[in-house]
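All remarks here apply to the structure that follows.
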Amino acid sequence: MRSQSTRKLTVAALLCAVAVVGSMFSVPVFGSKCAPVQHMVNIVNAVLLGPWYGVVSAFVSSLLRNLLGLGSPMAFPGSMCGALLCGLVYAKTKKLLPTLIAEVFGTGVLGGLAAYPVSILIMGNAAADIAFYAYIVPFLISTVAGSILAGVLVFALQRNGALEGMRASLER
């Protein structure tokens, strides 16, 4: 049991590192840094580790991105909502397409809406001038790109049997 937890924690940490390094390749869209690699990592976490490891990994990678100046406070609601929803959907359905859609909806819509109060609390009154739905568009752009990347990656891993091997090694 302990060895299994250690392996899962190691994979989550590795995916967290991929998200942080991948955030150096972000695109600014309306005041938000769109980092599609984070969304890809959310989906890989959902498929390999489940929703709770995914949420913790999203929180830690958002924290590290902010501490290193690679992200904005908007990374927290976006990545965590997406990680939770796509993790729950994958745990329930075990299907890739609904998981990709859940990541897009969780980050793009729910995370975008949750970013508004965060922007007011953390970024100040200037953010209050932004409409409450203003974060949805940049979040959607980022999460669609990341979900496409993840879909290609996970589909390729499924097709050649590597995904099952990865899951089996995590469950030993």
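We label chains A, B, ... in the order they appear in the structure tokens, count residues from 1 in each chain, and number ligands from 1 in the order shown.
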
Test item: residues at most 10 Å from Ser79 (chain A), only C-alpha atoms, excluding those fewer than 5 positions along its chain, as a ChimeraX atom specification
/A:35,38-39,41-42,54-55,57-59,61-62,74,84,103,106-108,111-112,139,143

Mind checking which residues fall within 12 Å of region 168-170 of chain A, counting only C-alpha atoms, ignoring those fewer than 4 positions away in the same chain, and posting them as a list in words?
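That gives Met1, Arg2, Ser3, Gln4, Ser5, Thr6, Arg7, Lys8, Leu9, Thr10, Val11, Ala12, Val47, Leu48, Leu49, Gly50, Gly161, Ala162, Leu163 and Glu164 of chain A.
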
Those same residues - C-alpha atoms - I'd like them written as a compact mmCIF listing (two decimals), in the first residue's frame.
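Everything below was put into again-v8.txt:
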# COMPACT_ATOMS: atom_id res chain seq x y z
CA MET A 1 0.00 0.00 0.00
CA ARG A 2 2.75 2.43 0.95
CA SER A 3 4.68 1.69 -2.25
CA GLN A 4 1.56 2.35 -4.34
CA SER A 5 1.01 5.72 -2.65
CA THR A 6 4.64 6.63 -3.16
CA ARG A 7 4.43 5.82 -6.87
CA LYS A 8 1.24 7.84 -7.28
CA LEU A 9 2.71 10.77 -5.38
CA THR A 10 5.83 10.62 -7.53
CA VAL A 11 3.82 10.63 -10.75
CA ALA A 12 1.70 13.53 -9.45
CA VAL A 47 -6.71 9.26 -16.33
CA LEU A 48 -3.76 7.94 -14.31
CA LEU A 49 -4.35 9.04 -10.72
CA GLY A 50 -7.92 10.22 -10.18
CA GLY A 161 -1.09 -0.20 -24.76
CA ALA A 162 1.26 2.00 -22.75
CA LEU A 163 -1.58 3.53 -20.73
CA GLU A 164 -2.63 0.17 -19.30

Polymer residues at most 12 Å from Ile136 (chain A), only C-alpha atoms, same-chain spacing of 6 or more positions, as a PyMOL selection string
chain A and resi 29-32+34+74+77-78+104-116+130+142-144

Could you find all residues in region 8-157 of chain A that DSSP calls strand (DSSP E) from the backbone, and write them as a PyMOL selection string?
chain A and resi 27-29+32-34

Can I get the selection written as a tab-separated table (two decimals), in the first residue's frame, with C-alpha atoms?
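Saved result, again.tsv, follows:
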chain	number	residue	atom	x	y	z
A	27	VAL	CA	0.07	32.98	-24.26
A	28	PRO	CA	-1.38	36.18	-22.77
A	29	VAL	CA	-5.08	36.55	-23.57
A	32	SER	CA	-4.78	36.04	-18.19
A	33	LYS	CA	-1.82	33.83	-19.01
A	34	CYS	CA	-3.16	30.89	-20.98

Write out as a ChimeraX atom specification which residues come within 9 Å of Leu88 (chain A) when counting only C-alpha atoms, dropping same-chain ones fewer than 6 positions away.
/A:46,50-52,99,102

What residues in chain A get the DSSP label helix (DSSP H, G or I)? Please answer as a PyMOL selection string.
chain A and resi 2-25+36-48+51-67+75-93+96-123+125-129+136-159+162-171
